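*Asks:* Got a structure for you, written out below as structure tokens; questions coming shortly.
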Amino acid sequence: MHNETNNDVLTIAGKTYASRLLVGSGKYKDLPQTRSATDAAEAQIITVAIRRVNIGQDPNAPSLLDVLPPDQYTILPNTAGCYTAKDAVYTLQLARELLGGRNLVKLEVLGDEKTLFPHMPETLVAAEQLVRDGFDVMVYCSDDPIQARILEEIGCVAIMPLASLIGSGMGILNPWNLSLIIDQARVPVLVDAGVGTASDAAIAMELGCDGVLMNTAIAGARDPVRMAHAMKLAVRAGREAFLAGRMPRKFAASPSSPMAGRLA
């Protein structure tokens, strides 16, 4: 879903966002760095692994919400670390309680600990149950156009195919599948997993993705705050290039300065 007006915003579950860069909240050295990188990215949606990050489960430990308050950011609870539909659904029900009834969530059900590839049969089961239960489900999935279409038909509010394995930094390995998903989708499509550097984010946006979600690419950089700033610029540049429409590829040279009308 692409809004090609001057007011080009990302709309998910009826809410608009100026930023198309979504960021994770894990792997930083401390909470202040998490906040600094988030601010440098100018991200408005921050994903939180409920099984790994404290947002109130432990009242005696520092909470992520102390540095990223929900009245300033959209906190997007995710099910990282879940390998069954049952665990994922339970985790997001807990998250809704902790966040005062908010329904926007990110579903991911993993297939194994080695690849962290999505377990699509369990993902479909969880998505159906969560949608029935009133959740607005953004869903991590394989880059399979058929699976993506099924998830949209179930009622997911955003489709989030992986570019490559989580945390691999390998970039977009199959742009053709992503293009197929984008072309058929009636909800936002956001690349999730595999981005390694700014050019990967720009390519995703140039393909027509509505946004990019990343964590390790920023938190794992030598200078996370500077990389967050670079990713912000890359996502904006890629989006602008997509809206502008690239020149067609040609198999022959074409002079930048036309020969017709030359002075001599």
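So you can find residues: chains in the structure tokens are A, B, ... in the order shown, residues in each start at 1, and ligands are numbered from 1 in order.
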Dump as CSV the rows for residues of range 42-84 of chain A within 7 Å of range 18-22 of chain A: closest atom pair and distance in Å with one decimal, only C-alpha atoms counted, ordered by chain and rising residue number.

*Replies:*
```
residue,atom,partner,partner_atom,distance
A:Glu42,CA,A:Ser19,CA,6.9
A:Ala43,CA,A:Leu22,CA,5.7
A:Gln44,CA,A:Ser19,CA,6.4
A:Ile45,CA,A:Leu22,CA,5.3
A:Ile46,CA,A:Leu22,CA,6.0
```

*Asks:* May I have the selected residues written with C-alpha atoms, as a JSON list (two decimals), in the first residue's frame?

*Replies:*
```json
[["chain", "number", "residue", "atom", "x", "y", "z"],
["A", 42, "GLU", "CA", 13.97, 8.60, 14.37],
["A", 43, "ALA", "CA", 12.01, 5.38, 14.73],
["A", 44, "GLN", "CA", 8.48, 5.48, 16.08],
["A", 45, "ILE", "CA", 7.86, 1.73, 16.34],
["A", 46, "ILE", "CA", 10.18, -0.28, 18.58]]
```

*Asks:* Just want the 10 Å neighbourhood of Val67 in chain A, counted on only C-alpha atoms, with same-chain residues fewer than 6 positions away dropped. Output as a ChimeraX atom specification.

*Replies:* /A:31-36

*Asks:* Might you pull out every residue within 10 Å of Leu116 in chain A, with only C-alpha atoms counted and same-chain residues fewer than 3 positions away left off, and present them as a PDB file with N, CA, C and O atoms, in the first residue's frame?

*Replies:*
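For reference, result23.pdb as written:
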```
ATOM      1  N   ALA A  80       9.778 -13.343  19.793  1.00  0.00           N
ATOM      2  CA  ALA A  80      11.096 -13.928  19.576  1.00  0.00           C
ATOM      3  C   ALA A  80      11.368 -14.987  20.641  1.00  0.00           C
ATOM      4  O   ALA A  80      11.113 -14.784  21.817  1.00  0.00           O
ATOM      5  N   GLY A  81      11.867 -16.131  20.193  1.00  0.00           N
ATOM      6  CA  GLY A  81      12.130 -17.223  21.113  1.00  0.00           C
ATOM      7  C   GLY A  81      11.004 -18.216  21.244  1.00  0.00           C
ATOM      8  O   GLY A  81      11.126 -19.211  21.961  1.00  0.00           O
ATOM      9  N   TYR A  83       8.609 -21.168  19.683  1.00  0.00           N
ATOM     10  CA  TYR A  83       8.708 -22.199  18.653  1.00  0.00           C
ATOM     11  C   TYR A  83       7.385 -22.925  18.415  1.00  0.00           C
ATOM     12  O   TYR A  83       7.332 -23.841  17.602  1.00  0.00           O
ATOM     13  N   GLU A 108       6.108 -13.925  15.558  1.00  0.00           N
ATOM     14  CA  GLU A 108       7.113 -14.755  14.897  1.00  0.00           C
ATOM     15  C   GLU A 108       7.172 -16.094  15.627  1.00  0.00           C
ATOM     16  O   GLU A 108       7.308 -16.139  16.846  1.00  0.00           O
ATOM     17  N   VAL A 109       7.018 -17.160  14.869  1.00  0.00           N
ATOM     18  CA  VAL A 109       7.150 -18.508  15.407  1.00  0.00           C
ATOM     19  C   VAL A 109       8.297 -19.167  14.653  1.00  0.00           C
ATOM     20  O   VAL A 109       8.241 -19.310  13.430  1.00  0.00           O
ATOM     21  N   LEU A 110       9.341 -19.537  15.382  1.00  0.00           N
ATOM     22  CA  LEU A 110      10.575 -20.016  14.759  1.00  0.00           C
ATOM     23  C   LEU A 110      10.563 -21.527  14.587  1.00  0.00           C
ATOM     24  O   LEU A 110       9.940 -22.261  15.360  1.00  0.00           O
ATOM     25  N   GLY A 111      11.301 -21.981  13.561  1.00  0.00           N
ATOM     26  CA  GLY A 111      11.337 -23.399  13.268  1.00  0.00           C
ATOM     27  C   GLY A 111      12.424 -24.159  13.988  1.00  0.00           C
ATOM     28  O   GLY A 111      12.240 -25.317  14.351  1.00  0.00           O
ATOM     29  N   ASP A 112      13.572 -23.526  14.194  1.00  0.00           N
ATOM     30  CA  ASP A 112      14.661 -24.156  14.937  1.00  0.00           C
ATOM     31  C   ASP A 112      15.638 -23.098  15.403  1.00  0.00           C
ATOM     32  O   ASP A 112      15.623 -21.957  14.939  1.00  0.00           O
ATOM     33  N   GLU A 113      16.498 -23.476  16.340  1.00  0.00           N
ATOM     34  CA  GLU A 113      17.416 -22.521  16.953  1.00  0.00           C
ATOM     35  C   GLU A 113      18.603 -22.189  16.052  1.00  0.00           C
ATOM     36  O   GLU A 113      19.252 -21.162  16.255  1.00  0.00           O
ATOM     37  N   HIS A 119       8.566 -20.922  11.235  1.00  0.00           N
ATOM     38  CA  HIS A 119       7.807 -22.170  11.150  1.00  0.00           C
ATOM     39  C   HIS A 119       6.425 -21.786  10.644  1.00  0.00           C
ATOM     40  O   HIS A 119       5.554 -21.378  11.414  1.00  0.00           O
ATOM     41  N   LEU A 165      18.530 -14.723   6.821  1.00  0.00           N
ATOM     42  CA  LEU A 165      18.367 -15.214   8.178  1.00  0.00           C
ATOM     43  C   LEU A 165      18.543 -14.118   9.217  1.00  0.00           C
ATOM     44  O   LEU A 165      19.362 -13.205   9.054  1.00  0.00           O
ATOM     45  N   ILE A 166      17.789 -14.224  10.305  1.00  0.00           N
ATOM     46  CA  ILE A 166      17.854 -13.258  11.400  1.00  0.00           C
ATOM     47  C   ILE A 166      19.293 -13.095  11.883  1.00  0.00           C
ATOM     48  O   ILE A 166      19.981 -14.075  12.170  1.00  0.00           O
ATOM     49  N   GLY A 167      19.739 -11.857  11.961  1.00  0.00           N
ATOM     50  CA  GLY A 167      21.065 -11.576  12.491  1.00  0.00           C
ATOM     51  C   GLY A 167      22.215 -11.908  11.570  1.00  0.00           C
ATOM     52  O   GLY A 167      23.378 -11.755  11.951  1.00  0.00           O
ATOM     53  N   ALA A 193      14.497  -8.934   9.061  1.00  0.00           N
ATOM     54  CA  ALA A 193      15.599  -9.881   9.229  1.00  0.00           C
ATOM     55  C   ALA A 193      16.548  -9.884   8.032  1.00  0.00           C
ATOM     56  O   ALA A 193      16.111  -9.921   6.876  1.00  0.00           O
TER      57      ALA A 193
END
```

*Asks:* From the set A:Leu98, A:Met214, A:Ile146, A:Cys156, which residue has the shortest atom-to-atom contact distance to Ala126 in chain A, counting only C-alpha atoms?

*Replies:*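 Of all the options, A:Cys156 lies closest to Ala126 in chain A.
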
*Asks:* Near Ala158 in chain A, within 6 Å and counting only C-alpha atoms, which residues show up once chain neighbours fewer than 3 positions away are dropped, as a PyMOL selection string?

*Replies:* chain A and resi 138+187-189

*Asks:* In Å to one decimal, how far is CA of Thr197 in chain A from CA of Pro77 in chain A?

*Replies:*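 CA of Thr197 in chain A lies at a distance of 24.3 Å from CA of Pro77 in chain A.
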
*Asks:* Hey, which of A:Gln147, A:Gln184, A:Asn7, A:Ser25 ends up closest to Pro224 in chain A? Count only C-alpha atoms.

*Replies:*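 For Pro224 in chain A, the nearest of the given residues is A:Ser25.
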
*Asks:* Which polymer residues have any atom within 12 Å of an atom of Ala230 in chain A, counting only C-alpha atoms, with same-chain residues fewer than 6 positions away left out, as JSON, numbers by chain?

*Replies:* {"A": [21, 37, 40, 41, 42, 196, 197, 198, 199, 200, 201, 202, 217, 218, 221, 223, 224, 236, 237]}

*Asks:* Go through A:Leu213, A:Leu64, A:Ile181, A:Val105 one by one, measure the shortest atom-to-atom distance of each to Gly134 in chain A using only C-alpha atoms, and give the residue with the smallest value.

*Replies:*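 Smallest separation from Gly134 in chain A among the options: A:Val105.
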